[in-house]
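Raw contents of final05.pdb, PDB, C-alpha atoms and all ligand atoms:
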```pdb
ATOM      1  CA  MET A 529      25.392   2.861   8.490
ATOM      2  CA  ALA A 530      25.485   2.474   4.716
ATOM      3  CA  SER A 531      28.490   0.507   3.521
ATOM      4  CA  ASP A 532      29.377  -1.076   0.200
ATOM      5  CA  ASN A 533      30.318  -4.381   1.824
ATOM      6  CA  MET A 534      26.970  -4.998   3.404
ATOM      7  CA  THR A 535      24.234  -7.273   2.144
ATOM      8  CA  ALA A 536      20.620  -7.074   3.148
ATOM      9  CA  LYS A 537      17.632  -9.383   3.084
ATOM     10  CA  ILE A 538      15.322  -6.855   1.504
ATOM     11  CA  GLY A 539      15.794  -3.468  -0.152
ATOM     12  CA  PHE A 540      13.332  -0.725  -0.999
ATOM     13  CA  ILE A 541      13.719   1.404  -4.113
ATOM     14  CA  GLY A 542      12.074   4.600  -2.937
ATOM     15  CA  ALA A 543      11.594   5.534   0.692
ATOM     16  CA  GLY A 544       8.345   7.461   0.589
ATOM     17  CA  ARG A 545       5.056   6.930   2.366
ATOM     18  CA  MET A 546       4.461   3.348   1.273
ATOM     19  CA  ALA A 547       8.006   2.104   1.720
ATOM     20  CA  GLU A 548       8.113   3.684   5.174
ATOM     21  CA  ALA A 549       4.781   2.101   6.139
ATOM     22  CA  MET A 550       5.961  -1.329   5.020
ATOM     23  CA  ILE A 551       9.382  -1.027   6.644
ATOM     24  CA  ARG A 552       7.852   0.057   9.957
ATOM     25  CA  GLY A 553       5.487  -2.915   9.813
ATOM     26  CA  LEU A 554       8.217  -5.403   8.911
ATOM     27  CA  ILE A 555      10.428  -4.208  11.761
ATOM     28  CA  SER A 556       7.671  -4.125  14.352
ATOM     29  CA  GLU A 557       6.556  -7.648  13.403
ATOM     30  CA  ASP A 558      10.170  -8.946  13.478
ATOM     31  CA  VAL A 559       9.992 -10.174   9.892
ATOM     32  CA  TYR A 560      13.281  -8.376   9.296
ATOM     33  CA  SER A 561      15.487  -6.430  11.658
ATOM     34  CA  GLU A 562      16.749  -2.918  10.925
ATOM     35  CA  ASP A 563      20.113  -4.232   9.751
ATOM     36  CA  GLU A 564      18.466  -6.600   7.272
ATOM     37  CA  ILE A 565      16.604  -3.800   5.462
ATOM     38  CA  ILE A 566      18.041  -1.162   3.149
ATOM     39  CA  ALA A 567      16.402   1.515   1.033
ATOM     40  CA  CYS A 568      17.328   4.261  -1.386
ATOM     41  CA  ALA A 569      16.078   7.730  -2.231
ATOM     42  CA  PRO A 570      17.647  10.429  -4.392
ATOM     43  CA  SER A 571      17.179  13.246  -1.885
ATOM     44  CA  LYS A 572      19.565  13.554   1.035
ATOM     45  CA  ALA A 573      16.751  14.848   3.232
ATOM     46  CA  THR A 574      14.782  11.603   2.811
ATOM     47  CA  ARG A 575      17.886   9.446   3.296
ATOM     48  CA  ASP A 576      18.819  11.242   6.504
ATOM     49  CA  ARG A 577      15.291  11.184   7.912
ATOM     50  CA  ILE A 578      14.638   7.505   7.184
ATOM     51  CA  ALA A 579      18.067   6.453   8.444
ATOM     52  CA  SER A 580      17.573   8.312  11.704
ATOM     53  CA  GLU A 581      13.894   7.426  12.253
ATOM     54  CA  LEU A 582      13.915   3.787  11.112
ATOM     55  CA  GLY A 583      17.541   2.899  11.790
ATOM     56  CA  ILE A 584      18.114   1.278   8.384
ATOM     57  CA  ALA A 585      21.001   1.873   5.988
ATOM     58  CA  MET A 586      20.135   4.271   3.181
ATOM     59  CA  PHE A 587      21.633   4.498  -0.298
ATOM     60  CA  LYS A 588      21.337   6.979  -3.110
ATOM     61  CA  THR A 589      20.469   4.876  -6.156
ATOM     62  CA  ALA A 590      18.312   1.937  -7.140
ATOM     63  CA  SER A 591      21.396   0.172  -8.498
ATOM     64  CA  ASP A 592      22.799   0.097  -4.944
ATOM     65  CA  ILE A 593      19.717  -1.880  -3.905
ATOM     66  CA  SER A 594      19.997  -4.285  -6.843
ATOM     67  CA  ARG A 595      23.661  -4.841  -5.993
ATOM     68  CA  LEU A 596      23.220  -5.365  -2.254
ATOM     69  CA  THR A 597      20.107  -7.533  -1.994
ATOM     70  CA  ASP A 598      18.240 -10.307  -3.805
ATOM     71  CA  VAL A 599      14.766  -9.092  -2.817
ATOM     72  CA  ALA A 600      13.857  -5.596  -3.987
ATOM     73  CA  VAL A 601      10.613  -3.715  -3.496
ATOM     74  CA  ILE A 602       9.998  -1.046  -6.131
ATOM     75  CA  ALA A 603       8.214   1.743  -4.269
ATOM     76  CA  VAL A 604       8.668   4.778  -6.498
ATOM     77  CA  LYS A 605       5.828   6.633  -8.207
ATOM     78  CA  PRO A 606       4.573   4.811 -11.303
ATOM     79  CA  GLY A 607       5.809   7.684 -13.491
ATOM     80  CA  HIS A 608       9.377   7.080 -12.293
ATOM     81  CA  ILE A 609       9.523   3.383 -13.182
ATOM     82  CA  ALA A 610      10.575   3.751 -16.826
ATOM     83  CA  GLY A 611      13.390   6.134 -15.868
ATOM     84  CA  LEU A 612      14.823   3.609 -13.420
ATOM     85  CA  PHE A 613      15.426   1.105 -16.203
ATOM     86  CA  THR A 614      16.099   3.400 -19.159
ATOM     87  CA  GLU A 615      17.980   6.405 -17.719
ATOM     88  CA  GLU A 616      19.484   4.867 -14.572
ATOM     89  CA  LYS A 617      20.105   1.493 -16.276
ATOM     90  CA  LEU A 618      18.831  -0.431 -13.262
ATOM     91  CA  THR A 619      19.171  -4.168 -13.858
ATOM     92  CA  PHE A 620      17.974  -7.269 -12.078
ATOM     93  CA  GLY A 621      19.000 -10.834 -12.886
ATOM     94  CA  PRO A 622      17.764 -14.362 -12.149
ATOM     95  CA  LYS A 623      18.819 -14.113  -8.487
ATOM     96  CA  HIS A 624      16.420 -11.225  -7.905
ATOM     97  CA  LEU A 625      12.875 -11.308  -6.670
ATOM     98  CA  VAL A 626      11.413  -7.909  -7.576
ATOM     99  CA  ILE A 627       8.207  -6.888  -5.833
ATOM    100  CA  SER A 628       6.607  -3.872  -7.472
ATOM    101  CA  ILE A 629       3.958  -1.933  -5.584
ATOM    102  CA  ALA A 630       3.611   0.761  -8.257
ATOM    103  CA  ALA A 631      -0.034   1.338  -9.114
ATOM    104  CA  GLY A 632      -0.979   0.351 -12.633
ATOM    105  CA  ILE A 633       2.435  -0.878 -13.816
ATOM    106  CA  ARG A 634       1.877  -4.278 -15.395
ATOM    107  CA  ILE A 635       4.044  -7.340 -14.846
ATOM    108  CA  SER A 636       4.681  -7.584 -18.607
ATOM    109  CA  THR A 637       6.083  -4.036 -18.571
ATOM    110  CA  LEU A 638       8.450  -4.889 -15.727
ATOM    111  CA  GLU A 639       9.421  -8.176 -17.374
ATOM    112  CA  SER A 640      10.223  -6.298 -20.576
ATOM    113  CA  TYR A 641      12.813  -4.257 -18.631
ATOM    114  CA  VAL A 642      14.272  -7.151 -16.619
ATOM    115  CA  PRO A 643      13.322 -10.413 -18.376
ATOM    116  CA  ASP A 644      15.530 -12.610 -16.161
ATOM    117  CA  ALA A 645      14.184 -11.393 -12.808
ATOM    118  CA  ARG A 646      11.296 -12.952 -10.903
ATOM    119  CA  ILE A 647       8.526 -10.360 -10.620
ATOM    120  CA  VAL A 648       5.616 -10.129  -8.224
ATOM    121  CA  ARG A 649       3.247  -7.177  -8.543
ATOM    122  CA  ALA A 650       1.509  -6.149  -5.337
ATOM    123  CA  MET A 651      -0.979  -3.518  -4.314
ATOM    124  CA  PRO A 652      -0.737  -2.832  -0.577
ATOM    125  CA  ASN A 653      -2.257   0.117   1.238
ATOM    126  CA  HIS A 654      -0.769   2.506   3.716
ATOM    127  CA  CYS A 655      -2.550   0.928   6.687
ATOM    128  CA  CYS A 656       0.336  -1.564   6.729
ATOM    129  CA  MET A 657       2.079   1.059   8.864
ATOM    130  CA  VAL A 658      -0.164  -0.047  11.744
ATOM    131  CA  LEU A 659      -0.154  -3.711  10.661
ATOM    132  CA  GLU A 660      -3.698  -3.403   9.309
ATOM    133  CA  GLY A 661      -2.819  -3.275   5.626
ATOM    134  CA  ALA A 662      -4.849  -4.934   2.902
ATOM    135  CA  SER A 663      -2.930  -6.123  -0.139
ATOM    136  CA  GLY A 664      -3.492  -8.026  -3.333
ATOM    137  CA  TYR A 665      -0.591  -9.576  -5.239
ATOM    138  CA  SER A 666       0.051 -11.526  -8.380
ATOM    139  CA  GLY A 667       3.132 -13.421  -9.571
ATOM    140  CA  GLY A 668       4.832 -12.928 -12.937
ATOM    141  CA  THR A 669       5.876 -15.644 -15.377
ATOM    142  CA  ARG A 670       9.132 -16.458 -13.573
ATOM    143  CA  ALA A 671       7.932 -16.130  -9.969
ATOM    144  CA  THR A 672       8.254 -19.411  -8.080
ATOM    145  CA  ASP A 673       6.023 -20.845  -5.361
ATOM    146  CA  ARG A 674       8.714 -19.837  -2.853
ATOM    147  CA  ASP A 675       8.616 -16.259  -4.139
ATOM    148  CA  ILE A 676       4.850 -16.185  -3.742
ATOM    149  CA  GLU A 677       5.182 -17.606  -0.220
ATOM    150  CA  LEU A 678       7.744 -14.950   0.698
ATOM    151  CA  VAL A 679       5.632 -12.115  -0.697
ATOM    152  CA  ASP A 680       2.609 -13.480   1.140
ATOM    153  CA  ARG A 681       4.650 -13.604   4.344
ATOM    154  CA  ILE A 682       5.906 -10.045   3.885
ATOM    155  CA  LEU A 683       2.462  -8.621   3.106
ATOM    156  CA  SER A 684       0.657 -10.757   5.707
ATOM    157  CA  SER A 685       3.055  -9.531   8.364
ATOM    158  CA  VAL A 686       1.662  -6.043   7.828
ATOM    159  CA  GLY A 687      -2.004  -6.980   7.428
ATOM    160  CA  LEU A 688      -4.186  -9.101   5.196
ATOM    161  CA  ALA A 689      -2.865 -10.367   1.868
ATOM    162  CA  ALA A 690      -4.654 -12.109  -0.986
ATOM    163  CA  GLU A 691      -3.278 -13.603  -4.190
ATOM    164  CA  VAL A 692      -5.352 -12.451  -7.161
ATOM    165  CA  ARG A 693      -5.139 -12.549 -10.955
ATOM    166  CA  GLU A 694      -3.087  -9.686 -12.296
ATOM    167  CA  ASP A 695      -6.124  -8.326 -14.152
ATOM    168  CA  ASP A 696      -7.847  -7.935 -10.793
ATOM    169  CA  LEU A 697      -5.133  -5.715  -9.311
ATOM    170  CA  ASP A 698      -6.748  -2.592 -10.774
ATOM    171  CA  ALA A 699      -9.874  -3.469  -8.822
ATOM    172  CA  VAL A 700      -7.746  -4.122  -5.712
ATOM    173  CA  THR A 701      -6.374  -0.594  -6.161
ATOM    174  CA  GLY A 702      -9.940   0.700  -5.932
ATOM    175  CA  MET A 703     -10.984  -1.651  -3.103
ATOM    176  CA  SER A 704      -8.105  -1.290  -0.690
ATOM    177  CA  GLY A 705      -5.243   0.713  -2.250
ATOM    178  CA  SER A 706      -7.179   3.949  -2.453
ATOM    179  CA  SER A 707     -10.302   3.422  -0.388
ATOM    180  CA  PRO A 708      -8.731   4.339   2.976
ATOM    181  CA  ALA A 709      -8.593   7.910   1.624
ATOM    182  CA  PHE A 710     -12.332   7.836   1.013
ATOM    183  CA  MET A 711     -12.938   6.489   4.495
ATOM    184  CA  TYR A 712     -10.834   9.311   5.949
ATOM    185  CA  MET A 713     -12.990  11.762   3.992
ATOM    186  CA  PHE A 714     -16.098  10.176   5.435
ATOM    187  CA  ALA A 715     -14.526  10.263   8.915
ATOM    188  CA  ASP A 716     -13.536  13.911   8.534
ATOM    189  CA  ALA A 717     -17.120  14.885   7.704
ATOM    190  CA  ILE A 718     -18.495  12.954  10.699
ATOM    191  CA  ILE A 719     -15.925  14.507  13.049
ATOM    192  CA  ASP A 720     -16.865  18.002  11.806
ATOM    193  CA  ILE A 721     -20.492  17.375  12.664
ATOM    194  CA  GLY A 722     -19.488  15.971  16.036
ATOM    195  CA  LYS A 723     -17.627  19.209  16.768
ATOM    196  CA  LYS A 724     -20.483  21.370  15.516
ATOM    197  CA  ASN A 725     -22.704  19.486  17.950
ATOM    198  CA  GLY A 726     -20.428  20.267  20.849
ATOM    199  CA  LEU A 727     -18.049  17.302  21.127
ATOM    200  CA  PRO A 728     -14.364  18.055  21.700
ATOM    201  CA  GLY A 729     -12.464  17.316  18.444
ATOM    202  CA  ASP A 730     -10.265  14.616  19.949
ATOM    203  CA  VAL A 731     -13.231  12.778  21.439
ATOM    204  CA  ALA A 732     -15.116  12.967  18.119
ATOM    205  CA  ALA A 733     -12.040  11.709  16.226
ATOM    206  CA  ASP A 734     -11.527   8.773  18.602
ATOM    207  CA  LEU A 735     -15.191   7.777  18.451
ATOM    208  CA  VAL A 736     -15.214   7.858  14.660
ATOM    209  CA  ALA A 737     -11.884   6.027  14.307
ATOM    210  CA  GLN A 738     -12.988   3.294  16.689
ATOM    211  CA  SER A 739     -16.280   3.023  14.794
ATOM    212  CA  LEU A 740     -14.345   2.454  11.547
ATOM    213  CA  VAL A 741     -12.186  -0.196  13.222
ATOM    214  CA  GLY A 742     -15.239  -1.814  14.810
ATOM    215  CA  ALA A 743     -17.225  -1.827  11.558
ATOM    216  CA  GLY A 744     -14.303  -3.454   9.737
ATOM    217  CA  ARG A 745     -13.936  -6.091  12.406
ATOM    218  CA  MET A 746     -17.670  -6.776  12.342
ATOM    219  CA  MET A 747     -17.372  -7.487   8.609
ATOM    220  CA  LEU A 748     -14.308  -9.689   9.036
ATOM    221  CA  GLU A 749     -15.372 -11.524  12.184
ATOM    222  CA  THR A 750     -19.146 -12.015  11.996
ATOM    223  CA  GLY A 751     -19.267 -13.186   8.393
ATOM    224  CA  MET A 752     -22.306 -10.940   7.927
ATOM    225  CA  THR A 753     -22.654  -8.939   4.712
ATOM    226  CA  PRO A 754     -22.673  -5.126   4.862
ATOM    227  CA  LYS A 755     -26.401  -5.182   4.028
ATOM    228  CA  GLU A 756     -27.098  -7.546   6.948
ATOM    229  CA  LEU A 757     -25.009  -5.378   9.234
ATOM    230  CA  ILE A 758     -26.863  -2.230   8.145
ATOM    231  CA  ASP A 759     -30.157  -3.986   8.906
ATOM    232  CA  SER A 760     -28.905  -5.069  12.290
ATOM    233  CA  VAL A 761     -28.030  -1.454  13.222
ATOM    234  CA  CYS A 762     -31.233   0.103  11.870
ATOM    235  CA  SER A 763     -34.241  -0.571  14.043
ATOM    236  CA  PRO A 764     -37.518   0.696  12.571
ATOM    237  CA  GLY A 765     -38.380   4.104  14.005
ATOM    238  CA  GLY A 766     -34.857   4.389  15.426
ATOM    239  CA  THR A 767     -32.123   6.959  14.932
ATOM    240  CA  THR A 768     -29.766   5.359  12.398
ATOM    241  CA  ILE A 769     -32.488   4.779   9.826
ATOM    242  CA  GLU A 770     -32.999   8.554   9.620
ATOM    243  CA  GLY A 771     -29.406   8.974   8.427
ATOM    244  CA  ILE A 772     -29.645   6.024   6.030
ATOM    245  CA  LYS A 773     -32.716   7.649   4.448
ATOM    246  CA  VAL A 774     -30.718  10.832   3.746
ATOM    247  CA  LEU A 775     -27.772   8.895   2.267
ATOM    248  CA  ASP A 776     -30.197   6.923   0.069
ATOM    249  CA  GLU A 777     -31.991  10.086  -1.075
ATOM    250  CA  LYS A 778     -28.639  11.671  -1.991
ATOM    251  CA  ASP A 779     -27.603   8.413  -3.688
ATOM    252  CA  MET A 780     -24.362   8.096  -1.778
ATOM    253  CA  ARG A 781     -23.979   4.577  -3.137
ATOM    254  CA  SER A 782     -23.671   5.719  -6.784
ATOM    255  CA  THR A 783     -21.248   8.497  -5.827
ATOM    256  CA  VAL A 784     -19.017   5.999  -4.007
ATOM    257  CA  CYS A 785     -19.238   3.564  -6.943
ATOM    258  CA  GLU A 786     -18.272   6.368  -9.341
ATOM    259  CA  ALA A 787     -15.273   7.267  -7.180
ATOM    260  CA  ILE A 788     -14.012   3.665  -7.058
ATOM    261  CA  GLU A 789     -14.611   3.222 -10.813
ATOM    262  CA  ALA A 790     -12.528   6.393 -11.390
ATOM    263  CA  VAL A 791      -9.658   4.816  -9.410
ATOM    264  CA  ILE A 792      -9.906   1.554 -11.360
ATOM    265  CA  LYS A 793     -10.017   3.436 -14.684
ATOM    266  CA  LYS A 794      -6.955   5.482 -13.747
ATOM    267  CA  SER A 795      -5.099   2.365 -12.605
ATOM    268  CA  LYS A 796      -5.909   0.622 -15.917
ATOM    269  CA  SER A 797      -4.836   3.670 -17.929
ATOM    270  CA  MET A 798      -1.444   3.723 -16.182
ATOM    271  CA  GLY A 799      -0.658   0.185 -17.315
ATOM    272  CA  GLY A 800       2.096  -0.093 -19.858
TER     273      GLY A 800
HETATM  274  N1  LIG B 901       0.359   5.865  -1.057
HETATM  275  C1  LIG B 901      -0.426   4.805  -1.062
HETATM  276  O1  LIG B 901      -1.395   4.696  -0.310
HETATM  277  C2  LIG B 901      -0.125   3.669  -2.013
HETATM  278  C3  LIG B 901      -0.871   2.488  -1.918
HETATM  279  C4  LIG B 901      -0.516   1.418  -2.761
HETATM  280  C5  LIG B 901       0.532   1.540  -3.668
HETATM  281  N2  LIG B 901       1.200   2.720  -3.753
HETATM  282  C6  LIG B 901       2.294   2.817  -4.737
HETATM  283  O2  LIG B 901       3.472   2.947  -3.988
HETATM  284  C7  LIG B 901       4.425   3.697  -4.759
HETATM  285  C8  LIG B 901       5.043   4.758  -3.862
HETATM  286  O3  LIG B 901       3.997   5.631  -3.449
HETATM  287  P1  LIG B 901       4.247   6.640  -2.256
HETATM  288  O4  LIG B 901       2.910   7.196  -1.908
HETATM  289  O5  LIG B 901       5.082   5.981  -1.208
HETATM  290  O6  LIG B 901       5.145   7.750  -3.009
HETATM  291  P2  LIG B 901       6.107   8.849  -2.351
HETATM  292  O7  LIG B 901       5.758   9.088  -0.933
HETATM  293  O8  LIG B 901       6.116   9.985  -3.312
HETATM  294  O9  LIG B 901       7.547   8.158  -2.367
HETATM  295  C9  LIG B 901       8.268   7.931  -3.538
HETATM  296  C10 LIG B 901       9.709   7.678  -3.145
HETATM  297  O10 LIG B 901      10.419   7.360  -4.338
HETATM  298  C11 LIG B 901      11.682   7.999  -4.251
HETATM  299  N3  LIG B 901      12.257   8.123  -5.590
HETATM  300  C12 LIG B 901      11.907   8.963  -6.586
HETATM  301  N4  LIG B 901      12.694   8.741  -7.672
HETATM  302  C13 LIG B 901      13.534   7.729  -7.327
HETATM  303  C14 LIG B 901      14.579   7.053  -8.006
HETATM  304  N5  LIG B 901      14.910   7.359  -9.253
HETATM  305  N6  LIG B 901      15.247   6.076  -7.355
HETATM  306  C15 LIG B 901      14.926   5.748  -6.084
HETATM  307  N7  LIG B 901      13.943   6.353  -5.392
HETATM  308  C16 LIG B 901      13.256   7.330  -6.014
HETATM  309  C17 LIG B 901      11.387   9.320  -3.602
HETATM  310  O11 LIG B 901      12.593   9.826  -3.089
HETATM  311  P3  LIG B 901      12.717  11.302  -2.430
HETATM  312  O12 LIG B 901      12.056  11.182  -1.097
HETATM  313  O13 LIG B 901      14.189  11.476  -2.331
HETATM  314  O14 LIG B 901      12.019  12.241  -3.354
HETATM  315  C18 LIG B 901      10.418   8.871  -2.510
HETATM  316  O15 LIG B 901      11.132   8.453  -1.380
HETATM  317  C19 LIG B 901       3.673   4.282  -5.947
HETATM  318  O16 LIG B 901       4.041   3.603  -7.115
HETATM  319  C20 LIG B 901       2.221   4.055  -5.627
HETATM  320  O17 LIG B 901       1.482   3.776  -6.803
HETATM  321  C21 LIG B 901       0.912   3.782  -2.930
END
```

Could you render the structure as structure tokens?
Amino acid sequence: MASDNMTAKIGFIGAGRMAEAMIRGLISEDVYSEDEIIACAPSKATRDRIASELGIAMFKTASDISRLTDVAVIAVKPGHIAGLFTEEKLTFGPKHLVISIAAGIRISTLESYVPDARIVRAMPNHCCMVLEGASGYSGGTRATDRDIELVDRILSSVGLAAEVREDDLDAVTGMSGSSPAFMYMFADAIIDIGKKNGLPGDVAADLVAQSLVGAGRMMLETGMTPKELIDSVCSPGGTTIEGIKVLDEKDMRSTVCEAIEAVIKKSKSMGG
């Protein structure tokens, strides 16, 4: 239960999809227990749901999080960041490690609001809910090696984490922050065709999902490049090559590149 006397090891400002995914991962991996995590959200509906489903204490304002913990994850929409510091007068001091996961919001912008805090900017993806996240992160001017280690531990507990230059975080947004959505789109199309060809929907969905998992693991575990893996699946005169020919004719590659470039451009344009 929320109480003003409590302290927590980590607090989330915002309790939406990403915060929930990360909190679920952190609890299931025993990085933090329910009573070591707090979060806040303005709407009572979100506070009640998260408190009852995740068993963590919920608060109304970001200032509650800053007051009750030294490690805060900013997980509100990028458009809400300025309001936190200007309208709500949220402050962080030297004791605070602030991990921002807001797409496109630069470390310098955050440091201009809270110059004494230690900032790490991270770009996770929602697959951290099932401990298969992929995140990039970058430390600000005041972040210490211990801060970086802690952020790495938090993000690694919910998937794969890589330290990158801040300038590369826009590309990370395109690579892993947003690309699961494109893979779901791809999956949805394949499942539709499976159903049209007579497969029960649940069987088609399971086959496609497992194929995505398997393809990812092949890339991570065999050390082969995607091109090598494509070649190893496509025997001349076989079935797969027929589909590859269609995707090549329709230039799927350029469409995918355009989509990822659009994400990167948007992420860059959001930077303040
Ligand atoms: N979704 C992704 O796959 C993904 C991936 C990487 C990074 N991100 C980043 O993660 C951040 C959160 O994204 P999301 O998809 O989780 O958004 P979301 O589901 O819309 O959640 C936003 C949360 O912020 C809360 N909120 C709004 N104003 C607030 C305030 N003033 N103080 C405290 N909490 C406030 C909302 O509360 P209510 O519920 O009460 O409205 C909601 O719980 C974004 O900055 C996004 O760029 C998202």

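In this model, the gap between atom CA of A:Phe587 and atom CA of A:Ser684 comes to 26.6 Å.
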
Problem set entry | Hits from the PyMOL selection byres (((chain A and resi 703) around 12) and not hetatm), listed as a ChimeraX atom specification | /A:651-653,662-664,696-702,704-711,784-785,787-792,795

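For the set A:His654, A:Arg781, A:Arg649, A:Lys537, the residue with the smallest atom-to-atom gap to ligand LIG 901 (chain B) is A:His654, counting only C-alpha atoms and all ligand atoms.
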
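As for atom P3 of ligand LIG 901 (chain B) and atom CA of A:Gly544, they are spaced 6.6 Å apart.
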
Taking a cut-off of 6 Å and counting only C-alpha atoms and all ligand atoms, can you build a table that, for each residue of chain A near ligand LIG 901 (chain B), reports the nearest atom pair and how far apart they are in Å (one decimal), sorted by chain then residue number, as a Markdown table?
```
| residue | atom | partner | partner_atom | distance |
| --- | --- | --- | --- | --- |
| A:Ile541 | CA | B:LIG901 | C15 | 4.9 |
| A:Gly542 | CA | B:LIG901 | O10 | 3.5 |
| A:Ala543 | CA | B:LIG901 | O15 | 3.6 |
| A:Gly544 | CA | B:LIG901 | O9 | 3.1 |
| A:Arg545 | CA | B:LIG901 | O5 | 3.7 |
| A:Met546 | CA | B:LIG901 | O5 | 3.7 |
| A:Ala547 | CA | B:LIG901 | O5 | 5.7 |
| A:Cys568 | CA | B:LIG901 | C15 | 5.5 |
| A:Ala569 | CA | B:LIG901 | N7 | 4.1 |
| A:Pro570 | CA | B:LIG901 | O13 | 4.2 |
| A:Ser571 | CA | B:LIG901 | O13 | 3.5 |
| A:Thr574 | CA | B:LIG901 | O12 | 4.8 |
| A:Thr589 | CA | B:LIG901 | N6 | 5.5 |
| A:Ala590 | CA | B:LIG901 | N6 | 5.2 |
| A:Ala603 | CA | B:LIG901 | C7 | 4.3 |
| A:Val604 | CA | B:LIG901 | O10 | 3.8 |
| A:Lys605 | CA | B:LIG901 | O16 | 3.7 |
| A:Pro606 | CA | B:LIG901 | O16 | 4.4 |
| A:His608 | CA | B:LIG901 | N4 | 5.9 |
| A:Leu612 | CA | B:LIG901 | N5 | 5.6 |
| A:Ile629 | CA | B:LIG901 | C6 | 5.1 |
| A:Ala630 | CA | B:LIG901 | O16 | 3.1 |
| A:Ala631 | CA | B:LIG901 | O17 | 3.7 |
| A:Met651 | CA | B:LIG901 | C4 | 5.2 |
| A:Pro652 | CA | B:LIG901 | C4 | 4.8 |
| A:Asn653 | CA | B:LIG901 | C3 | 4.2 |
| A:His654 | CA | B:LIG901 | O1 | 4.6 |
| A:Gly705 | CA | B:LIG901 | C3 | 4.7 |
```

Store the residues picked out above in a file with C-alpha atoms, as a PDB file, keeping the file's coordinate frame.
```pdb
ATOM      1  CA  ILE A 541      13.719   1.404  -4.113  1.00  0.00           C
ATOM      2  CA  GLY A 542      12.074   4.600  -2.937  1.00  0.00           C
ATOM      3  CA  ALA A 543      11.594   5.534   0.692  1.00  0.00           C
ATOM      4  CA  GLY A 544       8.345   7.461   0.589  1.00  0.00           C
ATOM      5  CA  ARG A 545       5.056   6.930   2.366  1.00  0.00           C
ATOM      6  CA  MET A 546       4.461   3.348   1.273  1.00  0.00           C
ATOM      7  CA  ALA A 547       8.006   2.104   1.720  1.00  0.00           C
ATOM      8  CA  CYS A 568      17.328   4.261  -1.386  1.00  0.00           C
ATOM      9  CA  ALA A 569      16.078   7.730  -2.231  1.00  0.00           C
ATOM     10  CA  PRO A 570      17.647  10.429  -4.392  1.00  0.00           C
ATOM     11  CA  SER A 571      17.179  13.246  -1.885  1.00  0.00           C
ATOM     12  CA  THR A 574      14.782  11.603   2.811  1.00  0.00           C
ATOM     13  CA  THR A 589      20.469   4.876  -6.156  1.00  0.00           C
ATOM     14  CA  ALA A 590      18.312   1.937  -7.140  1.00  0.00           C
ATOM     15  CA  ALA A 603       8.214   1.743  -4.269  1.00  0.00           C
ATOM     16  CA  VAL A 604       8.668   4.778  -6.498  1.00  0.00           C
ATOM     17  CA  LYS A 605       5.828   6.633  -8.207  1.00  0.00           C
ATOM     18  CA  PRO A 606       4.573   4.811 -11.303  1.00  0.00           C
ATOM     19  CA  HIS A 608       9.377   7.080 -12.293  1.00  0.00           C
ATOM     20  CA  LEU A 612      14.823   3.609 -13.420  1.00  0.00           C
ATOM     21  CA  ILE A 629       3.958  -1.933  -5.584  1.00  0.00           C
ATOM     22  CA  ALA A 630       3.611   0.761  -8.257  1.00  0.00           C
ATOM     23  CA  ALA A 631      -0.034   1.338  -9.114  1.00  0.00           C
ATOM     24  CA  MET A 651      -0.979  -3.518  -4.314  1.00  0.00           C
ATOM     25  CA  PRO A 652      -0.737  -2.832  -0.577  1.00  0.00           C
ATOM     26  CA  ASN A 653      -2.257   0.117   1.238  1.00  0.00           C
ATOM     27  CA  HIS A 654      -0.769   2.506   3.716  1.00  0.00           C
ATOM     28  CA  GLY A 705      -5.243   0.713  -2.250  1.00  0.00           C
TER      29      GLY A 705
END
```

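Nearest residue to A:Gly539 among A:Glu557, A:Asp759, A:Glu562, A:Glu677 is A:Glu562, counting all atoms listed in the file.
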
Selection near A:Ser556, 12 Å with all atoms listed in the file, sequence-local residues under 3 positions removed, as a short mmCIF file (atom, residue, chain, number, x, y, z; two decimals) with C-alpha atoms, in the frame of the given file:
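Saved as result01.cif:
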```cif
data_model
loop_
_atom_site.label_atom_id
_atom_site.label_comp_id
_atom_site.auth_asym_id
_atom_site.auth_seq_id
_atom_site.Cartn_x
_atom_site.Cartn_y
_atom_site.Cartn_z
CA ALA A 549 4.78 2.10 6.14
CA MET A 550 5.96 -1.33 5.02
CA ILE A 551 9.38 -1.03 6.64
CA ARG A 552 7.85 0.06 9.96
CA GLY A 553 5.49 -2.92 9.81
CA VAL A 559 9.99 -10.17 9.89
CA TYR A 560 13.28 -8.38 9.30
CA SER A 561 15.49 -6.43 11.66
CA GLU A 562 16.75 -2.92 10.92
CA LEU A 582 13.92 3.79 11.11
CA CYS A 656 0.34 -1.56 6.73
CA MET A 657 2.08 1.06 8.86
CA VAL A 658 -0.16 -0.05 11.74
CA LEU A 659 -0.15 -3.71 10.66
CA SER A 685 3.06 -9.53 8.36
CA VAL A 686 1.66 -6.04 7.83
#
```

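We find atom CA of A:Thr783 and atom CA of A:Thr768 to be spaced 20.4 Å apart.
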
Problem set entry | Contact residues around A:Ala579 with all atoms listed in the file at 10 Å, ignoring same-chain residues under 5 positions, as a ChimeraX atom specification | /A:529-530,562,566-567,573-574,584-587

Starting from 8 Å padding per side, set up an axis-aligned box that covers all listed atoms of stretch 674-686 of chain A and hand over centre and edge lengths in Å, one decimal, as AutoDock Vina command-line options.
```
--center_x 4.7 --center_y -12.9 --center_z 2.1 --size_x 24.1 --size_y 29.8 --size_z 28.5
```

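This file, queried with the PyMOL selection byres (((chain A and resi 622-626) around 8) and not hetatm), gives the residues Ser594, Thr597, Asp598, Val599, Ala600, Val601, Ile602, Phe620, Gly621, Ile627, Ser628, Asp644, Ala645, Arg646, Ile647, Val648, Ala671 and Asp675 of chain A.
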
Exercise. Which neighbours of stretch 733-746 of chain A fall inside 8 Å, counting all atoms listed in the file, when residues of the same chain fewer than 4 positions from it are skipped, and could you give them as a PyMOL selection string?
Worked result: chain A and resi 715+718-719+729+750-752
